[in-house]
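Novice: Here it is, the structure, as structure tokens.
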Amino acid sequence: MSVALTLRAGGRPLLIPYVMAGVVPDWLDLVRGAARAGADAVEIGLPFSDPMLDGPTVQRAAALSAARGGRPRALLDELAGLDLDVPLVVMTYANVAMTLTPGRGVGGFVEHLASVGVRGAIVPDLPLEESAEYRARAAAAGVAAVLLAAPVCGDDRCREIARASSGFVYCMSSMRITGERADLPATARETARRLKGMTGLPVVTGFGISTIAQAVEACADADGVVIGSVLMRMLVDGAPVAEVVEEVAAFRRALSSGHLSPAGG
Amino acid sequence: MSAPDAAGRFGRFGGRYLPEALVPAAQAVESAFREAWSDAAFTAEYRRLLETYVGRPTPLTECSRLSEALGVRVLLKREDLAHTGSHKINNVLGQALLARRMGKRKLIAETGAGQHGVATATAAALLGLACTVHMGHTDVRRQAVNVFRMELLGAEVVPETSANGGGTLKEATNGALRAWVNETEHAHYCVGSTMGPHPYPWMVREFQRVIGDEARAQCAVRLPEAVPDVVVACVGGGSNAAGTFAGFADTTARLVGVEAAGGSAVDKGKLGVLHGFMSHFLQDDDSQVLEAHSISAGLDYPGVGPEHVHLAETGRVHYTSVTDDQALRALTLVTRTEGILPALESAHALAWVVDAAATGELAAGSTVLVTLSGRGDKDIQQIREHLR
């Protein structure tokens with residue numbers, strides 16, 4: 001059984017932890033644990049040799065997975081057995097999406113995702129102009145093609161992205177690749193605010209959300225956050241999965257209570 | 001060779017596979033280039049620099065002793081004599097002028113052998129722009145002199161290592177793209193070859209077509225039949241080849257592109273997307289792009305410019321490859337018969353000529369134009385290690 005990507009805007013803030021598939025042997029326990037700890041969806045990264053939008057932490061996570069023999073198709077197949085009550089969203093790059101199923105292109109990719117119970121996909125290097133076929137095939141396969149909007153995108157482009165996106169709109173917090181940062185950039189809230197005025201879909205902010213305080217602050221405008229590098233850094237530095245799950249739970253508690261002031265975390 | 005379609009495609013290849021964070025920047029480069037390239041003031045300034053700063057036109061050199069040795073008539077288009085020692089400067093000056101026109105204060109570049117990095121650092125110095133060059137850690141080591149040259153020119157050189165240890169042109173390009181995300185507002189990404197997202201493959205070819213246009217005019221004066229039988233160039237990303245072929249695509253000349261055997265993307269690559277464009281890339285069965293392997297850092301790229309794959313599909317250009325050893329042997333031969341030390345990259349084009357003359361693929365007495373894309377001084381240390 002798989003759960004559709006139907007996140008709701010306006011309730012408690014959405015929390016979407018990111019897990020690089022295969023990064024540690026017990027990575028599926030992290031996916032399960034994150035779901036139990038109150039994640040609204042789990043973003044699953046598939047390793048790619050040239051992750052151009054990722055900073056050192058996610059790059060290391062991808063390399064660790066690859067070094068452990070992590071291969072996109074086999075990792076996806078590991079997801080098939082999971083019985084979670086939250087949806088899974090896969091994030092990878094266009095080359096993986098195009099070549100995952102030889103000869104079948106992006107259509108084969110989204111059908112394969114659907115067959116293992118994945119309900120959403122994020123392919124950052126398939127922007128609006130290059131994603132028409134991918135979006136159509138994803139819709140036909142019952143997979144939500146989540147598009148990203150960046151601070152540099154003008155209002156017209158943001159509106160088109162919001163209209164073409166499915167599941168939620170992924171708001172890039174700043175003009176920076178993924179990775180932890182000391183502060184939430186001003187562009188995060190500004191971009192989320194612009195997008196909120198354009199769509200009924202949830203707007204979820206990601207890239208560089210590093211602390212609970214930043215997550216709470218981002219959710220003043222956005223409907224939720226993706227947290228990635230902070231979790232992957234713990235894992236690649238050797239923290240046990242249980243500790244990372246506890247970190248997810250801490251984000252959940254703070255986002256749900258909303259009591260934590262941005263300065264307090 | 002015509003312009004790509006509105007989506008930036010040559011046939012099926014090319015496009016603009018960028019994250020949204022970079023799409024507006026690439027769109028801005030495209031519209032600035034379209035405007036500039038039809039602006040007489042811009043092209044006049046560009047031509048003036050090519051003439052007075054680069055030293056164009058570069059000569060067409062008749063190789064008497066090499067021709068005698070091979071039994072075919074060999075002419076070299078001498079891009080090695082361009083300022084900074086390779087054809088890279090043609091493209092870089094165009095893009096640097098464009099960057100200034102767009103109000104950018106900085107150039108970002110990737111480099112393999114270091115020639116594009118040196119050329120970019122040079123143009124930045126000339127126009128008073130800041131410059132950061134991304135270079136794989138393997139290339140930083142094997143092209144140490146070029147690293148120093150770039151630093152001397154005022155550029156910052158950033159060594160790039162992938163998390164799985166790779167460190168050639170692929171990682172350099174990843175690094176440059178990541179830096180561009182951070183600095184789109186004030187920096188221009190000066191792509192060094194006919195690769196990357198639209199409009200780069202097209203724009204870089206247009207800035208390099210001066211090689212082919214000059215050679216065509218020079219051949220018209222020099223050769224009784226006006227056009228050589230065969231035109232040959234080496235292909236990494238493919239900029240010197242694209243520029244050369246642009247001058248001869250509408251002639252009867254046979255066009256040959258020569259890749260490194262360990263980086264032969266046209267033939268051995270599979271359809272994929274990397275660094276913003278769709279083309280053929282060396283990759284495994286699990287969608288992971290492989291490292292190319294070549295003695296020549298400039299050909300050490302797992303992909304190839306989209307227009308080249310298109311030209312291979314249409315059959316207008318024949319693509320082939322030669323090994324490190326073949327390239328080294330040709331380099332030695334040309335150095336000893338002509339007193340010209342070619343870059344390891346250019347030696348691949350020459351190696352095909354040597355081989356094709358020996359096997360009869362090149363008919364005795366035929367006329368061959370080879371683009372000598374750069375000089376070999378930068379490779380001296382490596383050549384020495386290999387030949388010893």
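Within each chain, counting starts at residue 1; across the structure tokens, chains are named A, B, ... in the order shown, with ligands numbered 1 upward in that order.
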Show me, as a count of residues only, every residue of chain A with an atom at most 9 Å from chain B, counting only C-alpha atoms.

Specialist: 51

Novice: Please identify all polymer residues within 10 Å of segment 367-374 of chain B, counting only C-alpha atoms, omitting same-chain residues fewer than 6 positions from it, and present them as a PyMOL selection string.

Specialist: chain B and resi 60-62+67+71-82+84-88+115+211-212+215-216+219+223+225+227-234+239-241+243-245+253-256+340-350+353

Novice: Suppose you want the space between atom CA of Ala249 of chain A and atom CA of Met234 of chain A; what is it in Å?

Specialist: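 Between these atoms lies a distance of 14.5 Å.
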
Novice: Looking only at strand (DSSP E) from DSSP on the backbone, list the matching residues of segment 170-349 of chain B as a short mmCIF file (atom, residue, chain, number, x, y, z; two decimals) with C-alpha atoms, in the first residue's frame.

Specialist:
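Saved to states23.cif:
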data_model
loop_
_atom_site.label_atom_id
_atom_site.label_comp_id
_atom_site.auth_asym_id
_atom_site.auth_seq_id
_atom_site.Cartn_x
_atom_site.Cartn_y
_atom_site.Cartn_z
CA ALA B 187 29.25 36.77 -12.22
CA HIS B 188 29.19 35.40 -15.75
CA TYR B 189 29.89 31.72 -16.26
CA VAL B 230 39.76 16.45 -45.44
CA VAL B 231 39.45 18.74 -42.42
CA VAL B 232 40.49 17.29 -39.05
CA ALA B 233 40.22 18.54 -35.47
CA CYS B 234 40.43 17.02 -32.00
CA ARG B 254 35.31 15.37 -45.49
CA LEU B 255 35.14 16.40 -41.82
CA VAL B 256 36.78 14.26 -39.14
CA GLY B 257 36.58 14.75 -35.35
CA VAL B 258 39.11 12.86 -33.24
CA GLU B 259 38.37 12.00 -29.61
CA ALA B 260 40.66 10.41 -27.05
CA LYS B 270 24.94 6.83 -23.99
CA LEU B 271 22.17 9.40 -24.23
CA GLY B 272 21.96 11.34 -21.00
CA VAL B 273 22.00 14.72 -19.32
CA LEU B 274 24.93 16.35 -17.57
CA PHE B 277 22.71 19.59 -21.79
CA MET B 278 21.51 16.39 -23.41
CA SER B 279 24.17 14.50 -25.31
CA HIS B 280 26.13 11.26 -25.22
CA PHE B 281 28.00 10.60 -21.98
CA VAL B 317 31.12 14.61 -39.60
CA HIS B 318 32.94 11.34 -39.01
CA TYR B 319 34.09 10.83 -35.41
CA THR B 320 36.84 8.49 -34.41
CA SER B 321 39.37 8.13 -31.62
CA VAL B 322 43.08 7.52 -31.04
#

Novice: Would you kindly return, as a PyMOL selection string, each protein, DNA or RNA residue with an atom no farther than 10 Å from any atom of Pro185 of chain A, considering only C-alpha atoms and excluding same-chain residues fewer than 4 positions away?

Specialist: chain A and resi 173-176+181+189-190+208-209+214+218

Novice: Could you check how far atom CA of Val226 of chain A sits from atom CA of Pro87 of chain A, in Å to one decimal?

Specialist: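 Straight-line distance from atom CA of Val226 of chain A to atom CA of Pro87 of chain A works out to 13.9 Å.
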
Novice: Can you list, as a ChimeraX atom specification, every protein, DNA or RNA residue that comes within 9 Å of Tyr18 of chain A when you count only C-alpha atoms, leaving out same-chain residues fewer than 6 positions away?

Specialist: /A:31,42-45,91,226-229,231-232

Novice: Keeping only N, CA and C atoms, write the selected residues as an mmCIF file, in the first residue's frame.

Specialist:
data_model
loop_
_atom_site.group_PDB
_atom_site.id
_atom_site.type_symbol
_atom_site.label_atom_id
_atom_site.label_comp_id
_atom_site.auth_asym_id
_atom_site.auth_seq_id
_atom_site.Cartn_x
_atom_site.Cartn_y
_atom_site.Cartn_z
ATOM 1 N N VAL A 31 14.080 5.851 7.421
ATOM 2 C CA VAL A 31 12.852 6.235 6.717
ATOM 3 C C VAL A 31 11.637 5.906 7.593
ATOM 4 N N VAL A 42 8.555 11.654 3.336
ATOM 5 C CA VAL A 42 10.008 11.483 3.411
ATOM 6 C C VAL A 42 10.566 11.620 2.003
ATOM 7 N N GLU A 43 11.581 12.478 1.872
ATOM 8 C CA GLU A 43 12.244 12.664 0.584
ATOM 9 C C GLU A 43 13.416 11.696 0.514
ATOM 10 N N ILE A 44 13.430 10.876 -0.541
ATOM 11 C CA ILE A 44 14.472 9.864 -0.694
ATOM 12 C C ILE A 44 15.415 10.305 -1.808
ATOM 13 N N GLY A 45 16.683 10.527 -1.493
ATOM 14 C CA GLY A 45 17.663 10.884 -2.513
ATOM 15 C C GLY A 45 18.198 9.630 -3.180
ATOM 16 N N MET A 91 14.050 12.208 -4.881
ATOM 17 C CA MET A 91 14.789 13.311 -5.486
ATOM 18 C C MET A 91 16.019 12.740 -6.185
ATOM 19 N N VAL A 226 11.816 21.223 4.236
ATOM 20 C CA VAL A 226 12.604 20.011 4.014
ATOM 21 C C VAL A 226 13.876 20.167 4.825
ATOM 22 N N ILE A 227 14.246 19.141 5.581
ATOM 23 C CA ILE A 227 15.539 19.182 6.258
ATOM 24 C C ILE A 227 16.390 18.028 5.732
ATOM 25 N N GLY A 228 17.570 18.372 5.236
ATOM 26 C CA GLY A 228 18.400 17.361 4.600
ATOM 27 C C GLY A 228 19.800 17.299 5.153
ATOM 28 N N SER A 229 20.593 18.317 4.859
ATOM 29 C CA SER A 229 22.015 18.268 5.202
ATOM 30 C C SER A 229 22.254 18.066 6.694
ATOM 31 N N LEU A 231 20.559 16.349 8.781
ATOM 32 C CA LEU A 231 20.408 14.926 9.102
ATOM 33 C C LEU A 231 21.526 14.091 8.471
ATOM 34 N N MET A 232 21.847 14.404 7.216
ATOM 35 C CA MET A 232 22.868 13.619 6.521
ATOM 36 C C MET A 232 24.250 13.835 7.133
#

Novice: Output as a VMD selection string all residues of segment 7-161 of chain A that backbone DSSP marks as helix (DSSP H, G or I).

Specialist: chain A and resid 27 to 36 56 to 67 72 to 79 94 to 99 105 to 115 128 to 130 132 to 141 155 to 161

Novice: Could you work out how far atom CA of Leu66 of chain B lies from atom CA of Val210 of chain B, giving the answer in Å with one decimal?

Specialist: 25.8 Å

Novice: Write out as a list in words each polymer residue whose atoms come within 9 Å of segment 140-145 of chain B, counting only C-alpha atoms; drop sequence neighbours fewer than 2 positions from it.

Specialist: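 The filter keeps Gly112, Ala113, Gly114, Met135, Gly136, His137, Thr138, Val147, Phe148, Arg149, Met150, Val157, Pro159, Glu160, Gly167, Thr168, Ala297, Lys378, Asp379, Gln381 and Gln382 of chain B.
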
Novice: Any chance you could export the current selection's C-alpha atoms as a PDB file, in the first residue's frame?

Specialist:
ATOM      1  CA  GLY B 112      40.810  20.859 -17.760  1.00  0.00           C
ATOM      2  CA  ALA B 113      44.260  21.303 -19.253  1.00  0.00           C
ATOM      3  CA  GLY B 114      44.275  24.828 -17.947  1.00  0.00           C
ATOM      4  CA  MET B 135      39.954  22.875 -11.811  1.00  0.00           C
ATOM      5  CA  GLY B 136      39.951  19.184 -10.905  1.00  0.00           C
ATOM      6  CA  HIS B 137      42.568  18.263  -8.328  1.00  0.00           C
ATOM      7  CA  THR B 138      44.206  15.765 -10.724  1.00  0.00           C
ATOM      8  CA  VAL B 147      47.850  26.960 -12.303  1.00  0.00           C
ATOM      9  CA  PHE B 148      50.664  29.344 -11.514  1.00  0.00           C
ATOM     10  CA  ARG B 149      50.028  31.280 -14.727  1.00  0.00           C
ATOM     11  CA  MET B 150      46.406  31.798 -13.747  1.00  0.00           C
ATOM     12  CA  VAL B 157      42.145  28.706  -8.756  1.00  0.00           C
ATOM     13  CA  PRO B 159      40.715  22.734  -6.811  1.00  0.00           C
ATOM     14  CA  GLU B 160      37.685  20.465  -7.182  1.00  0.00           C
ATOM     15  CA  GLY B 167      39.236  15.315 -10.137  1.00  0.00           C
ATOM     16  CA  THR B 168      39.195  16.221 -13.816  1.00  0.00           C
ATOM     17  CA  ALA B 297      43.603  16.813 -19.713  1.00  0.00           C
ATOM     18  CA  LYS B 378      52.080  23.215 -21.066  1.00  0.00           C
ATOM     19  CA  ASP B 379      52.452  19.451 -21.529  1.00  0.00           C
ATOM     20  CA  GLN B 381      56.557  17.702 -18.081  1.00  0.00           C
ATOM     21  CA  GLN B 382      53.978  15.028 -18.866  1.00  0.00           C
TER      22      GLN B 382
END
